[in-house]
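Source file: data07.txt (compact mmCIF, C-alpha atoms)
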```txt
# COMPACT_ATOMS: atom_id res chain seq x y z
CA MET S 1165 0.00 0.00 0.00
CA GLY S 1166 2.85 2.31 0.87
CA LYS S 1167 4.46 1.58 -2.48
CA ASP S 1168 1.22 2.45 -4.32
CA TYR S 1169 0.97 5.76 -2.45
CA THR S 1170 4.61 6.60 -3.27
CA PHE S 1171 4.09 5.78 -6.94
CA ILE S 1172 0.98 7.98 -7.17
CA ARG S 1173 2.70 10.80 -5.28
CA ASN S 1174 5.72 10.67 -7.59
CA TRP S 1175 3.54 10.40 -10.72
CA ILE S 1176 1.62 13.53 -9.74
CA SER S 1177 4.84 15.40 -8.90
CA PHE S 1178 6.51 14.44 -12.19
CA HIS S 1179 3.34 15.29 -14.11
CA PHE S 1180 3.04 18.84 -12.79
CA MET S 1181 6.80 19.41 -12.98
CA GLY S 1182 6.67 18.39 -16.64
CA ASN S 1183 3.77 20.76 -17.20
CA ILE S 1184 5.54 23.72 -15.57
CA ASN S 1185 8.89 22.85 -17.16
CA ASN S 1186 7.44 23.30 -20.67
CA PHE S 1187 4.67 25.79 -19.88
CA SER S 1188 6.71 28.98 -20.41
CA TYR S 1189 8.29 27.52 -23.53
CA CYS S 1190 4.82 26.83 -24.99
CA VAL S 1191 3.45 30.25 -24.03
CA VAL S 1192 6.39 31.89 -25.83
CA ASN S 1193 5.60 29.87 -28.95
CA ALA S 1194 1.93 30.89 -28.72
CA ALA S 1195 2.92 34.54 -28.22
CA SER S 1196 5.58 34.56 -30.94
CA SER S 1197 3.40 36.18 -33.60
CA ASN S 1198 2.19 38.93 -31.26
CA LEU S 1199 5.70 39.57 -29.97
CA ALA S 1200 7.13 39.80 -33.50
CA ASN S 1201 4.32 42.14 -34.53
CA PHE S 1202 4.82 44.31 -31.46
CA PHE S 1203 8.47 44.89 -32.44
CA HIS S 1204 7.60 45.15 -36.19
CA ASN S 1205 9.70 42.04 -36.88
CA GLN S 1206 7.12 39.69 -38.38
CA LYS S 1207 9.54 38.48 -41.01
CA ASN S 1208 11.95 37.34 -38.28
CA ILE S 1209 9.40 35.36 -36.29
CA ALA S 1210 11.50 32.21 -36.84
CA PHE S 1211 14.21 33.73 -34.63
CA ILE S 1212 11.81 33.50 -31.69
CA LEU S 1213 11.48 29.74 -32.23
CA TRP S 1214 15.25 29.48 -32.76
CA SER S 1215 16.15 31.37 -29.57
CA ASN S 1216 13.62 29.28 -27.64
CA ILE S 1217 15.49 26.08 -28.53
CA ALA S 1218 19.04 26.73 -29.76
CA PHE S 1219 20.54 27.75 -26.42
CA GLY S 1220 18.77 24.81 -24.81
CA LEU S 1221 21.11 22.66 -26.88
CA VAL S 1222 24.08 24.24 -25.11
CA SER S 1223 22.52 23.61 -21.71
CA ARG S 1224 21.96 19.94 -22.58
CA LEU S 1225 25.58 19.59 -23.73
CA ILE S 1226 26.80 21.12 -20.49
CA ASN S 1227 24.58 18.85 -18.39
CA THR S 1228 25.60 15.75 -20.35
CA PHE S 1229 29.36 16.21 -20.60
CA LEU S 1230 30.48 18.75 -17.98
CA ILE S 1231 28.23 18.56 -14.93
CA GLU S 1232 26.81 15.04 -15.13
CA ASN S 1233 27.82 14.28 -11.53
CA VAL S 1234 26.67 17.57 -10.00
CA ASN S 1235 23.90 17.19 -7.42
CA PRO S 1236 20.53 17.36 -9.28
CA LYS S 1237 19.08 19.47 -6.44
CA LEU S 1238 21.60 22.20 -7.20
CA LYS S 1239 20.80 21.94 -10.90
CA ILE S 1240 17.08 22.36 -10.29
CA ALA S 1241 17.69 25.38 -8.03
CA VAL S 1242 19.78 27.01 -10.77
CA ASN S 1243 17.13 26.13 -13.33
CA CYS S 1244 14.52 27.99 -11.29
CA ILE S 1245 16.72 31.08 -11.52
CA PHE S 1246 16.86 30.65 -15.31
CA MET S 1247 13.05 30.48 -15.38
CA ILE S 1248 12.72 33.72 -13.42
CA ILE S 1249 15.25 35.56 -15.60
CA GLY S 1250 13.45 34.44 -18.75
CA LEU S 1251 9.95 35.39 -17.64
CA VAL S 1252 10.94 38.76 -16.17
CA GLY S 1253 13.12 39.48 -19.21
CA VAL S 1254 10.31 38.86 -21.71
CA ALA S 1255 7.95 41.00 -19.59
CA LEU S 1256 10.45 43.87 -19.55
CA SER S 1257 11.42 43.55 -23.22
CA VAL S 1258 8.31 45.43 -24.34
CA TYR S 1259 9.99 48.53 -22.90
CA ILE S 1260 13.37 47.82 -24.54
CA ASN S 1261 13.77 46.14 -27.95
CA PHE S 1262 13.44 42.94 -29.99
CA GLY S 1263 17.04 41.88 -29.30
CA PHE S 1264 16.43 42.00 -25.54
CA CYS S 1265 13.28 39.94 -26.05
CA ILE S 1266 15.24 37.30 -28.00
CA ALA S 1267 17.86 37.13 -25.21
CA ALA S 1268 15.14 36.68 -22.56
CA ILE S 1269 13.43 33.98 -24.62
CA ALA S 1270 16.79 32.19 -24.77
CA PHE S 1271 16.66 31.86 -20.96
CA VAL S 1272 13.13 30.45 -21.21
CA GLY S 1273 14.39 27.85 -23.67
CA ILE S 1274 17.46 27.07 -21.56
CA ALA S 1275 15.26 26.46 -18.50
CA SER S 1276 12.98 24.11 -20.43
CA SER S 1277 15.78 22.07 -22.02
CA PHE S 1278 18.05 22.00 -18.98
CA GLY S 1279 15.17 21.09 -16.66
CA GLU S 1280 14.08 18.23 -18.89
CA SER S 1281 17.63 16.91 -19.15
CA VAL S 1282 18.12 17.00 -15.38
CA VAL S 1283 14.76 15.46 -14.46
CA LEU S 1284 14.94 12.66 -17.05
CA SER S 1285 18.40 11.74 -15.73
CA TYR S 1286 17.10 11.85 -12.15
CA MET S 1287 14.37 9.37 -13.14
CA LYS S 1288 16.84 6.49 -13.02
CA LYS S 1289 16.08 6.44 -9.28
CA PHE S 1290 12.39 5.74 -9.96
CA PRO S 1291 10.33 3.03 -11.69
CA ALA S 1292 10.54 3.39 -15.46
CA GLU S 1293 6.75 3.69 -15.76
CA LEU S 1294 6.92 7.12 -14.09
CA VAL S 1295 8.23 8.57 -17.34
CA ASN S 1296 4.56 8.59 -18.32
CA GLY S 1297 3.83 11.12 -15.57
CA TRP S 1298 6.52 13.46 -16.82
CA SER S 1299 5.73 13.01 -20.50
CA SER S 1300 1.99 13.56 -20.03
CA GLY S 1301 2.80 16.70 -18.04
CA THR S 1302 5.01 18.07 -20.81
CA GLY S 1303 2.30 17.11 -23.28
CA ILE S 1304 -0.48 18.95 -21.45
CA ALA S 1305 1.82 21.99 -21.11
CA GLY S 1306 1.30 22.71 -24.80
CA VAL S 1307 -2.48 22.65 -24.48
CA CYS S 1308 -2.44 24.64 -21.23
CA GLY S 1309 0.12 27.13 -22.54
CA SER S 1310 -1.69 27.92 -25.77
CA LEU S 1311 -5.12 28.15 -24.09
CA PHE S 1312 -3.70 30.27 -21.25
CA TYR S 1313 -2.19 32.79 -23.67
CA ILE S 1314 -5.32 32.95 -25.85
CA ALA S 1315 -7.51 33.48 -22.77
CA MET S 1316 -5.27 36.20 -21.33
CA VAL S 1317 -5.14 38.07 -24.64
CA ALA S 1318 -8.92 37.76 -24.98
CA ALA S 1319 -9.18 39.25 -21.47
CA GLY S 1320 -7.24 42.28 -22.70
CA LEU S 1321 -4.01 41.67 -20.76
CA SER S 1322 -0.69 42.86 -22.18
CA ASN S 1323 2.22 40.54 -22.93
CA SER S 1324 4.13 42.07 -20.04
CA THR S 1325 1.37 41.29 -17.55
CA ILE S 1326 0.91 37.76 -18.90
CA PHE S 1327 4.56 36.84 -18.36
CA TYR S 1328 4.63 38.36 -14.87
CA MET S 1329 1.57 36.24 -14.00
CA MET S 1330 3.54 33.08 -14.75
CA LEU S 1331 6.18 33.68 -12.08
CA PRO S 1332 4.38 31.71 -9.29
CA THR S 1333 4.74 28.52 -11.37
CA VAL S 1334 8.49 28.63 -10.66
CA ALA S 1335 7.85 28.31 -6.91
CA VAL S 1336 5.52 25.35 -7.48
CA TYR S 1337 8.17 23.67 -9.67
CA PHE S 1338 10.76 24.11 -6.91
CA LEU S 1339 8.46 22.75 -4.19
CA LEU S 1340 7.44 19.71 -6.25
CA PHE S 1341 11.03 18.63 -6.82
CA PHE S 1342 12.27 19.16 -3.26
CA PHE S 1343 9.16 18.13 -1.32
CA GLY S 1344 6.87 16.29 -3.74
CA LEU S 1345 9.18 13.61 -5.11
CA LYS S 1346 10.15 10.66 -2.91
CA VAL S 1347 12.79 8.19 -4.08
CA PRO S 1348 11.54 4.62 -3.45
CA ASN S 1349 13.73 3.05 -0.78
CA HIS S 1350 14.26 -0.23 -2.58
CA LEU S 1351 15.40 1.52 -5.77
CA GLU S 1352 17.63 3.90 -3.84
CA SER S 1353 19.47 1.03 -2.19
CA ILE S 1354 19.80 -0.73 -5.53
CA ASN S 1355 21.33 2.37 -7.11
CA ASN S 1356 23.74 2.87 -4.26
CA SER S 1357 25.08 -0.67 -4.47
CA GLN S 1358 24.91 -1.14 -8.24
CA THR S 1359 28.64 -0.85 -8.94
CA GLU S 1360 29.54 -3.39 -6.27
CA LYS S 1361 26.91 -5.83 -7.51
CA GLN S 1362 28.01 -5.65 -11.13
CA SER S 1363 31.54 -6.69 -10.27
CA LEU S 1364 30.15 -9.91 -8.75
CA VAL S 1365 27.59 -10.78 -11.42
CA LYS S 1366 28.21 -13.89 -13.55
CA LYS S 1367 26.64 -14.57 -16.92
CA ASP S 1368 24.79 -17.64 -15.60
CA GLN S 1369 23.09 -15.49 -12.94
CA LEU S 1370 20.85 -13.72 -15.45
CA LYS S 1371 17.27 -13.95 -14.22
CA ILE S 1372 14.37 -15.12 -16.35
CA GLU S 1373 12.46 -11.93 -15.61
CA ASP S 1374 15.37 -9.88 -17.00
CA ILE S 1375 15.08 -11.81 -20.25
CA ASP S 1376 11.35 -11.12 -20.37
CA ASP S 1377 11.86 -7.41 -19.67
CA ASN S 1378 14.44 -7.22 -22.43
CA LYS S 1379 12.29 -8.54 -25.26
CA GLY S 1380 12.56 -6.18 -28.20
CA SER S 1381 15.72 -4.62 -26.81
CA GLY S 1382 18.18 -7.12 -28.18
CA GLY S 1383 18.28 -9.52 -25.22
CA GLY S 1384 21.15 -10.11 -22.83
CA GLY S 1385 22.22 -8.38 -19.65
CA ALA S 1386 23.73 -4.99 -19.00
CA GLU S 1387 26.89 -4.11 -20.90
CA ILE S 1388 29.40 -3.78 -18.09
CA ALA S 1389 32.14 -1.18 -18.57
CA PRO S 1390 35.54 -2.73 -19.34
CA PRO S 1391 38.33 -2.26 -16.76
CA GLY S 1392 40.24 0.99 -17.09
CA GLU S 1393 37.63 2.62 -19.32
CA THR S 1394 38.30 6.32 -19.90
CA LYS S 1395 35.62 9.02 -19.86
CA ASN S 1396 35.72 9.39 -23.64
CA GLN S 1397 35.46 5.64 -24.11
CA ARG S 1398 32.40 5.63 -21.83
CA TYR S 1399 30.79 8.39 -23.91
CA ILE S 1400 31.32 6.35 -27.08
CA ARG S 1401 30.06 3.11 -25.48
CA CYS S 1402 26.89 4.79 -24.20
CA ALA S 1403 26.29 6.49 -27.55
CA ARG S 1404 26.45 3.07 -29.17
CA LEU S 1405 23.88 1.73 -26.71
CA VAL S 1406 21.32 4.46 -27.36
CA TRP S 1407 22.02 5.77 -30.87
CA TYR S 1408 19.11 4.06 -32.66
CA ASN S 1409 16.41 5.30 -30.28
CA ALA S 1410 17.96 8.76 -29.96
CA VAL S 1411 18.38 9.32 -33.72
CA ASN S 1412 14.80 8.22 -34.38
CA LEU S 1413 13.53 10.67 -31.77
CA ALA S 1414 15.61 13.51 -33.26
CA LEU S 1415 14.27 12.80 -36.74
CA VAL S 1416 10.67 12.74 -35.51
CA TYR S 1417 11.15 16.12 -33.82
CA PHE S 1418 12.75 17.58 -36.94
CA PHE S 1419 9.88 16.34 -39.12
CA GLU S 1420 7.11 17.48 -36.76
CA TYR S 1421 8.47 20.98 -36.16
CA VAL S 1422 8.94 21.58 -39.89
CA ALA S 1423 5.35 20.43 -40.37
CA SER S 1424 3.69 22.12 -37.38
CA VAL S 1425 5.51 25.46 -37.68
CA GLY S 1426 6.92 25.97 -41.16
CA GLY S 1427 4.25 24.05 -43.05
CA ALA S 1428 1.27 25.04 -40.93
CA ASP S 1429 2.14 28.75 -41.08
CA LEU S 1430 1.72 28.73 -44.87
CA ALA S 1431 -0.90 25.98 -45.22
CA LEU S 1432 -3.72 28.40 -46.04
CA LYS S 1433 -3.89 31.47 -48.24
CA LYS S 1434 -3.48 34.68 -46.24
CA ASP S 1435 -6.56 36.83 -46.70
CA PRO S 1436 -6.80 39.88 -44.39
CA ASP S 1437 -10.43 40.38 -45.43
CA ASN S 1438 -11.49 36.88 -44.35
CA LYS S 1439 -13.48 37.25 -41.12
CA ASP S 1440 -13.95 33.51 -40.50
CA PHE S 1441 -12.62 32.93 -36.97
CA PHE S 1442 -11.15 29.49 -37.70
CA ILE S 1443 -9.32 30.63 -40.82
CA SER S 1444 -8.06 33.96 -39.47
CA ASN S 1445 -6.80 32.18 -36.33
CA ALA S 1446 -5.77 28.98 -38.10
CA PHE S 1447 -2.13 29.01 -36.97
CA ALA S 1448 -3.04 29.29 -33.29
CA ILE S 1449 -5.59 26.50 -33.70
CA PHE S 1450 -3.02 24.37 -35.55
CA SER S 1451 -0.75 24.81 -32.54
CA PHE S 1452 -3.54 23.73 -30.21
CA CYS S 1453 -4.37 20.68 -32.38
CA TYR S 1454 -0.72 19.65 -32.46
CA GLN S 1455 -0.40 19.98 -28.69
CA LEU S 1456 -3.62 18.03 -28.18
CA GLY S 1457 -2.21 15.14 -30.20
CA VAL S 1458 1.03 15.28 -28.22
CA LEU S 1459 -0.89 15.22 -24.94
CA ILE S 1460 -2.94 12.18 -25.92
CA SER S 1461 -0.01 10.08 -27.09
CA ARG S 1462 2.35 11.12 -24.29
CA SER S 1463 -0.27 9.89 -21.83
CA SER S 1464 -0.71 6.55 -23.60
CA LEU S 1465 2.14 4.53 -22.06
CA GLN S 1466 -0.07 2.85 -19.47
CA PHE S 1467 -2.24 1.44 -22.28
CA ILE S 1468 0.15 0.74 -25.15
CA LYS S 1469 3.92 0.48 -25.60
CA ILE S 1470 5.49 0.76 -29.05
CA ARG S 1471 8.86 -0.91 -29.50
CA HIS S 1472 9.20 -0.48 -33.29
CA ILE S 1473 9.75 3.27 -33.14
CA GLY S 1474 11.23 3.39 -36.63
CA VAL S 1475 7.69 3.07 -38.00
CA ILE S 1476 6.71 6.31 -36.23
CA THR S 1477 9.72 8.06 -37.76
CA ILE S 1478 8.76 7.01 -41.29
CA LEU S 1479 5.14 8.11 -40.82
CA GLN S 1480 6.21 11.51 -39.48
CA GLY S 1481 8.61 11.98 -42.38
CA ILE S 1482 5.76 11.38 -44.84
CA ASN S 1483 3.63 13.79 -42.84
CA MET S 1484 6.29 16.51 -43.10
CA VAL S 1485 6.43 16.13 -46.89
CA PHE S 1486 2.65 16.57 -47.06
CA TRP S 1487 2.74 19.83 -45.06
CA ILE S 1488 5.54 21.27 -47.18
CA VAL S 1489 3.62 20.45 -50.38
CA GLN S 1490 0.48 21.91 -48.80
CA ALA S 1491 2.36 25.11 -47.95
CA LYS S 1492 3.42 25.46 -51.58
CA TYR S 1493 0.32 24.38 -53.50
CA LYS S 1494 -2.60 24.69 -50.98
CA MET S 1495 -4.14 21.42 -52.25
CA VAL S 1496 -6.38 20.85 -49.21
CA THR S 1497 -8.80 23.75 -48.87
CA SER S 1498 -10.77 22.48 -45.86
CA VAL S 1499 -9.29 23.90 -42.68
CA TRP S 1500 -11.05 21.17 -40.68
CA ILE S 1501 -9.20 18.40 -42.51
CA LEU S 1502 -5.95 20.24 -41.80
CA PHE S 1503 -6.85 20.51 -38.12
CA ILE S 1504 -7.32 16.73 -37.95
CA LEU S 1505 -4.03 16.12 -39.76
CA MET S 1506 -2.26 18.37 -37.26
CA VAL S 1507 -3.65 16.30 -34.37
CA TYR S 1508 -2.18 13.28 -36.17
CA CYS S 1509 1.19 15.06 -36.35
CA GLY S 1510 1.11 15.58 -32.59
CA LEU S 1511 0.09 11.96 -31.96
CA LEU S 1512 3.15 10.69 -33.81
CA GLY S 1513 5.51 13.08 -32.04
CA GLY S 1514 4.23 12.33 -28.56
CA ALA S 1515 4.24 8.57 -29.18
CA SER S 1516 7.90 8.66 -30.23
CA TYR S 1517 8.89 10.75 -27.21
CA VAL S 1518 7.24 8.66 -24.50
CA ASN S 1519 8.20 5.28 -25.97
CA VAL S 1520 11.82 6.18 -26.67
CA PHE S 1521 12.42 7.36 -23.11
CA TYR S 1522 10.56 4.35 -21.73
CA LEU S 1523 12.76 2.00 -23.76
CA ILE S 1524 15.94 3.73 -22.57
CA LEU S 1525 14.88 3.73 -18.92
CA HIS S 1526 13.74 0.09 -19.17
CA ASP S 1527 16.55 -1.37 -21.32
CA LYS S 1528 18.44 -4.02 -19.31
CA LYS S 1529 21.44 -3.67 -21.64
CA ILE S 1530 22.12 -0.21 -20.23
CA PRO S 1531 23.98 -0.29 -16.87
CA ASP S 1532 22.24 1.74 -14.19
CA GLU S 1533 25.20 4.07 -13.72
CA ASP S 1534 25.13 4.90 -17.46
CA ARG S 1535 21.38 5.35 -17.76
CA SER S 1536 21.38 9.10 -17.06
CA LEU S 1537 24.04 9.66 -19.73
CA CYS S 1538 22.00 7.66 -22.25
CA VAL S 1539 18.88 9.66 -21.40
CA ASN S 1540 20.85 12.88 -21.84
CA TYR S 1541 22.02 11.72 -25.27
CA ALA S 1542 18.39 11.27 -26.36
CA ALA S 1543 17.30 14.60 -24.86
CA LEU S 1544 20.28 16.27 -26.52
CA LEU S 1545 19.31 14.95 -29.93
CA VAL S 1546 15.75 16.20 -29.41
CA THR S 1547 17.10 19.74 -29.15
CA ILE S 1548 19.37 19.19 -32.16
CA GLY S 1549 16.36 18.01 -34.16
CA ILE S 1550 14.30 21.08 -33.25
CA THR S 1551 17.24 23.44 -33.87
CA LEU S 1552 17.82 21.97 -37.32
CA ALA S 1553 14.08 22.27 -38.00
CA ALA S 1554 14.17 26.00 -37.15
CA CYS S 1555 17.10 26.48 -39.53
CA PHE S 1556 15.32 24.51 -42.25
CA ILE S 1557 12.18 26.63 -41.82
CA LEU S 1558 14.26 29.78 -42.33
CA ILE S 1559 15.75 28.25 -45.48
CA MET S 1560 12.28 27.31 -46.77
CA ASP S 1561 10.90 30.80 -46.13
CA TYR S 1562 13.77 32.46 -47.95
CA THR S 1563 13.95 30.02 -50.91
CA PHE S 1564 11.32 27.73 -52.42
CA LEU S 1565 8.49 28.98 -50.14
CA ALA S 1566 9.49 32.65 -50.29
CA SER S 1567 6.58 33.49 -52.60
CA GLU S 1568 4.14 32.10 -50.02
CA VAL S 1569 5.43 34.19 -47.09
CA PRO S 1570 3.29 37.33 -46.59
CA SER S 1571 5.14 40.64 -46.66
CA SER S 1572 5.70 42.46 -43.39
CA SER S 1573 3.42 45.25 -44.57
CA SER S 1574 0.47 42.86 -44.49
CA SER S 1575 0.94 42.07 -40.80
CA SER S 1576 -0.54 44.29 -38.18
CA SER S 1577 0.87 45.10 -34.79
CA SER S 1578 -0.93 44.05 -31.68
```

Is it possible to express this structure as C-alpha cells?
Amino acid sequence: MGKDYTFIRNWISFHFMGNINNFSYCVVNAASSNLANFFHNQKNIAFILWSNIAFGLVSRLINTFLIENVNPKLKIAVNCIFMIIGLVGVALSVYINFGFCIAAIAFVGIASSFGESVVLSYMKKFPAELVNGWSSGTGIAGVCGSLFYIAMVAAGLSNSTIFYMMLPTVAVYFLLFFFGLKVPNHLESINNSQTEKQSLVKKDQLKIEDIDDNKGSGGGGAEIAPPGETKNQRYIRCARLVWYNAVNLALVYFFEYVASVGGADLALKKDPDNKDFFISNAFAIFSFCYQLGVLISRSSLQFIKIRHIGVITILQGINMVFWIVQAKYKMVTSVWILFILMVYCGLLGGASYVNVFYLILHDKKIPDEDRSLCVNYAALLVTIGITLAACFILIMDYTFLASEVPSSSSSSSS
C-alpha cells in the first residue's frame, strides 16, 4: 500500500513538474506572432522559435558532458533562476527592444531544455513507468500554454502582464522537486550498491524476468564497462547503446516541427479580409491541435507500448512532406481536414517521445550508472532536431516557399 501511495505521489509530482517545465516555452511559442508584430519584426518570427530552442542545446551539452555528476538538487535550483530571468526578461522587453526579447526567450528555452535533461536523468532512481507522468505533463503543457495565452489576450491583458503572471509557477516547480518527489527506498538502495553488484555478477546469474523485460531490446544483460575505461570511451560506449532510439527521436522532432511550424504557417492562403474565426486564427488552432495530439499520445504509455519506433519516424517523415507540399500548392482547402491532420502530427511526435524514453529507462542492456548519460544523449538529440528544423524553416521561407510568405506590410501590430 505504501508503495502504491509513493508511486501515485511521484507520478503527480513528475506530471506537474513536466507541465511547468514546458509551460513557459509553450506560451512563448503561442505569443511569438504577437511579440514579433509588437516589435515590427514579423519576417523574423522564426528567430523567436530558434532562440527558444538553440541555447537549450548548449545547456543539454553542459549537463551531459560537464556537470553530469553535479547534485541534481543544485541543478534544479539554478534552473529555477533561469526560469525567473526568462519570464521577467520577456515582460520587460516590451519597454526595450526585440534583441532584448530574443535574449530573454533564450533563458526560457534554456530552462525548459536544462530542466528536462536534469529530471529525465534523475528518473533512473524511480520506476521506469513514471516517465509517463513526466511526458503527459510536458504534453499537457502545450495545451495549457496555448489556451492560457489565448484566454489572457482575450481578457485584454498585455504581454508584459501575462509573463509576470507566470512567475508563481516557478515556486511550485521548486516545491514539487524538493518536497513532492520521494525516491523509493528499494530503488535507492539498488542504485547505491549497483557498482559493487556488477563486479560480482556472472553470466549464468541472469534472471528469467530480465530476459522477459528485455524482449525487443536485443536480449542479454547490462553491458558492463571494461576495466580501465576512460571518460571518452564511456561516452562512445553509451552512444552506441542508445544511438538508434535517440536518432529516431531527433528525426521525428525535426519532421514534426517543420510540419507544425513551417508548413502550418503557410498551409492556407493569407486573406486579411477573411473574417472567419477558424481561418483567421488557423495558426493558433493548428498549434492547439498539435499539442492536443502530443498530450494524448504522451499519456498513452499505461495502455500501449510501441517498440518499433522506426515506423513512427517514417510516418512523421511522410507527414512533413505533405505539409511542405500543402504550404506550396494549398491542395487541401478544408481547414477542418488540416486541423485533424495536425492532431495526427502531434500523436506521432508524442508517441515517439514517451516510448523512446521508456525504452531507454527500461533497457536491461544499459547499466544503471550509465542510464542518465544515455537519457541525456536522447534529450540532446531532441534539441538538435528542433534546432535543425528551425534552420530549415528559415531556409524554406527564404527560398522555395518565399513566394508564399506574406510581406511584413500585411501584418498588423498588436

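For the residues S:Ser1451, S:Asn1205, S:Gln1466, S:Ser1285, ranking by smallest atom-to-atom distance to Asn1261 (chain S) using all atoms listed in the file places S:Asn1205 first.
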
- Using all atoms listed in the file, find the one residue out of S:Gly1182, S:Gly1549, S:Gly1426, S:Pro1531 that sits nearest to Leu1294 (chain S). S:Gly1182

- Item | Distance query region 1471-1474 of chain S at most 10 Å, only C-alpha atoms, self and fewer than 6 positions along chain excluded, as a PyMOL selection string | chain S and resi 1379-1381+1408-1409+1411-1413+1415-1416+1480+1512+1515-1517+1519-1520+1522-1523

- Task: Considering all atoms listed in the file, return as a PyMOL selection string whatever protein or nucleic-acid residues lie within 9 Å of Ala1195 (chain S), sequence-local ones (same chain, fewer than 5 positions apart) excluded.
- Result: chain S and resi 1190+1200+1310+1313-1314+1323

- Task: Record the distance separating CA of Ala1268 (chain S) and CA of Val1252 (chain S), expressed in Å with one decimal.
- Result: 7.9 Å

- Message: I'd like the neighbourhood of region 1551-1558 of chain S as a PyMOL selection string, where a residue qualifies if any of its atoms comes within 6 Å (using all atoms listed in the file), though same-chain residues fewer than 5 positions away should be ignored.
- Response: chain S and resi 1214+1218+1418+1422+1426

- Task: Just the residues within 9 Å of Leu1256 (chain S), please, counting all atoms listed in the file, with nothing from its chain fewer than 4 positions along; format it as a ChimeraX atom specification.
- Result: /S:1251-1252,1260,1264-1265,1324

- Item | Separation of CA of Phe1187 (chain S) from CA of Ile1304 (chain S), in Å and rounded to one decimal |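 Value for the CA of Phe1187 (chain S)-CA of Ile1304 (chain S) distance: 8.7 Å.
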
Residue contacts of Ile1209 (chain S) (10 Å, all atoms listed in the file) excluding same-chain residues fewer than 2 positions away, as a JSON list (two decimals) with C-alpha atoms, in the frame of the given file:
```json
[["chain", "number", "residue", "atom", "x", "y", "z"],
["S", 1193, "ASN", "CA", 5.60, 29.87, -28.95],
["S", 1196, "SER", "CA", 5.58, 34.56, -30.94],
["S", 1197, "SER", "CA", 3.40, 36.18, -33.60],
["S", 1198, "ASN", "CA", 2.19, 38.93, -31.26],
["S", 1199, "LEU", "CA", 5.70, 39.57, -29.97],
["S", 1200, "ALA", "CA", 7.13, 39.80, -33.50],
["S", 1201, "ASN", "CA", 4.32, 42.14, -34.53],
["S", 1204, "HIS", "CA", 7.60, 45.15, -36.19],
["S", 1205, "ASN", "CA", 9.70, 42.04, -36.88],
["S", 1206, "GLN", "CA", 7.12, 39.69, -38.38],
["S", 1207, "LYS", "CA", 9.54, 38.48, -41.01],
["S", 1211, "PHE", "CA", 14.21, 33.73, -34.63],
["S", 1212, "ILE", "CA", 11.81, 33.50, -31.69],
["S", 1213, "LEU", "CA", 11.48, 29.74, -32.23],
["S", 1214, "TRP", "CA", 15.25, 29.48, -32.76],
["S", 1558, "LEU", "CA", 14.26, 29.78, -42.33]]
```

- Message: For a quick check of understanding, using all atoms listed in the file, which of S:Leu1345, S:Ile1482, S:Val1458, S:Ala1210 has the smallest distance to Lys1289 (chain S)?
- Response: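 Closest to Lys1289 (chain S), using all atoms listed in the file: S:Leu1345.
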
- Length of the CA of Ser1424 (chain S) to CA of Gly1273 (chain S) vector [Å]: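 CA of Gly1273 (chain S) lies at a distance of 18.3 Å from CA of Ser1424 (chain S).
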
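Minimum distance to Leu1511 (chain S) across S:Tyr1417, S:Phe1447, S:Tyr1169, S:Phe1486 (counting only C-alpha atoms) occurs at S:Tyr1417.
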
Taking all atoms of region 1167-1171 of chain S that appear in the file, build a box with edges along x, y and z, extend it by 5 Å on every side, and state its centre and edge lengths in Å to one decimal, as AutoDock Vina command-line options.
```
--center_x 2.8 --center_y 4.1 --center_z -4.7 --size_x 13.6 --size_y 15.0 --size_z 14.5
```

- Closest to Ser1300 (chain S) among S:Ile1184, S:Val1254, S:Ala1403, S:Ala1448, using all atoms listed in the file? S:Ile1184

- Message: Between S:Leu1405, S:Leu1545, S:Ala1414, S:Val1425, which residue has the minimum interatomic distance to Lys1529 (chain S), considering all atoms listed in the file?
- Response: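 Of the candidates, the smallest distance to Lys1529 (chain S) is held by S:Leu1405.
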
- Exercise: residues within 12 Å of coordinate (26.8, 2.9, -26.0), counting all atoms listed in the file, as a PyMOL selection string: chain S and resi 1386-1389+1396-1410+1524+1529-1531+1534-1535+1537-1539+1541-1542

Writing out the chosen residues with C-alpha atoms as a PDB file, in the frame of the given file:
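again20.pdb was written with the following content:
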```
ATOM      1  CA  ALA S1386      23.730  -4.990 -19.000  1.00  0.00           C
ATOM      2  CA  GLU S1387      26.890  -4.110 -20.900  1.00  0.00           C
ATOM      3  CA  ILE S1388      29.400  -3.780 -18.090  1.00  0.00           C
ATOM      4  CA  ALA S1389      32.140  -1.180 -18.570  1.00  0.00           C
ATOM      5  CA  ASN S1396      35.720   9.390 -23.640  1.00  0.00           C
ATOM      6  CA  GLN S1397      35.460   5.640 -24.110  1.00  0.00           C
ATOM      7  CA  ARG S1398      32.400   5.630 -21.830  1.00  0.00           C
ATOM      8  CA  TYR S1399      30.790   8.390 -23.910  1.00  0.00           C
ATOM      9  CA  ILE S1400      31.320   6.350 -27.080  1.00  0.00           C
ATOM     10  CA  ARG S1401      30.060   3.110 -25.480  1.00  0.00           C
ATOM     11  CA  CYS S1402      26.890   4.790 -24.200  1.00  0.00           C
ATOM     12  CA  ALA S1403      26.290   6.490 -27.550  1.00  0.00           C
ATOM     13  CA  ARG S1404      26.450   3.070 -29.170  1.00  0.00           C
ATOM     14  CA  LEU S1405      23.880   1.730 -26.710  1.00  0.00           C
ATOM     15  CA  VAL S1406      21.320   4.460 -27.360  1.00  0.00           C
ATOM     16  CA  TRP S1407      22.020   5.770 -30.870  1.00  0.00           C
ATOM     17  CA  TYR S1408      19.110   4.060 -32.660  1.00  0.00           C
ATOM     18  CA  ASN S1409      16.410   5.300 -30.280  1.00  0.00           C
ATOM     19  CA  ALA S1410      17.960   8.760 -29.960  1.00  0.00           C
ATOM     20  CA  ILE S1524      15.940   3.730 -22.570  1.00  0.00           C
ATOM     21  CA  LYS S1529      21.440  -3.670 -21.640  1.00  0.00           C
ATOM     22  CA  ILE S1530      22.120  -0.210 -20.230  1.00  0.00           C
ATOM     23  CA  PRO S1531      23.980  -0.290 -16.870  1.00  0.00           C
ATOM     24  CA  ASP S1534      25.130   4.900 -17.460  1.00  0.00           C
ATOM     25  CA  ARG S1535      21.380   5.350 -17.760  1.00  0.00           C
ATOM     26  CA  LEU S1537      24.040   9.660 -19.730  1.00  0.00           C
ATOM     27  CA  CYS S1538      22.000   7.660 -22.250  1.00  0.00           C
ATOM     28  CA  VAL S1539      18.880   9.660 -21.400  1.00  0.00           C
ATOM     29  CA  TYR S1541      22.020  11.720 -25.270  1.00  0.00           C
ATOM     30  CA  ALA S1542      18.390  11.270 -26.360  1.00  0.00           C
TER      31      ALA S1542
END
```
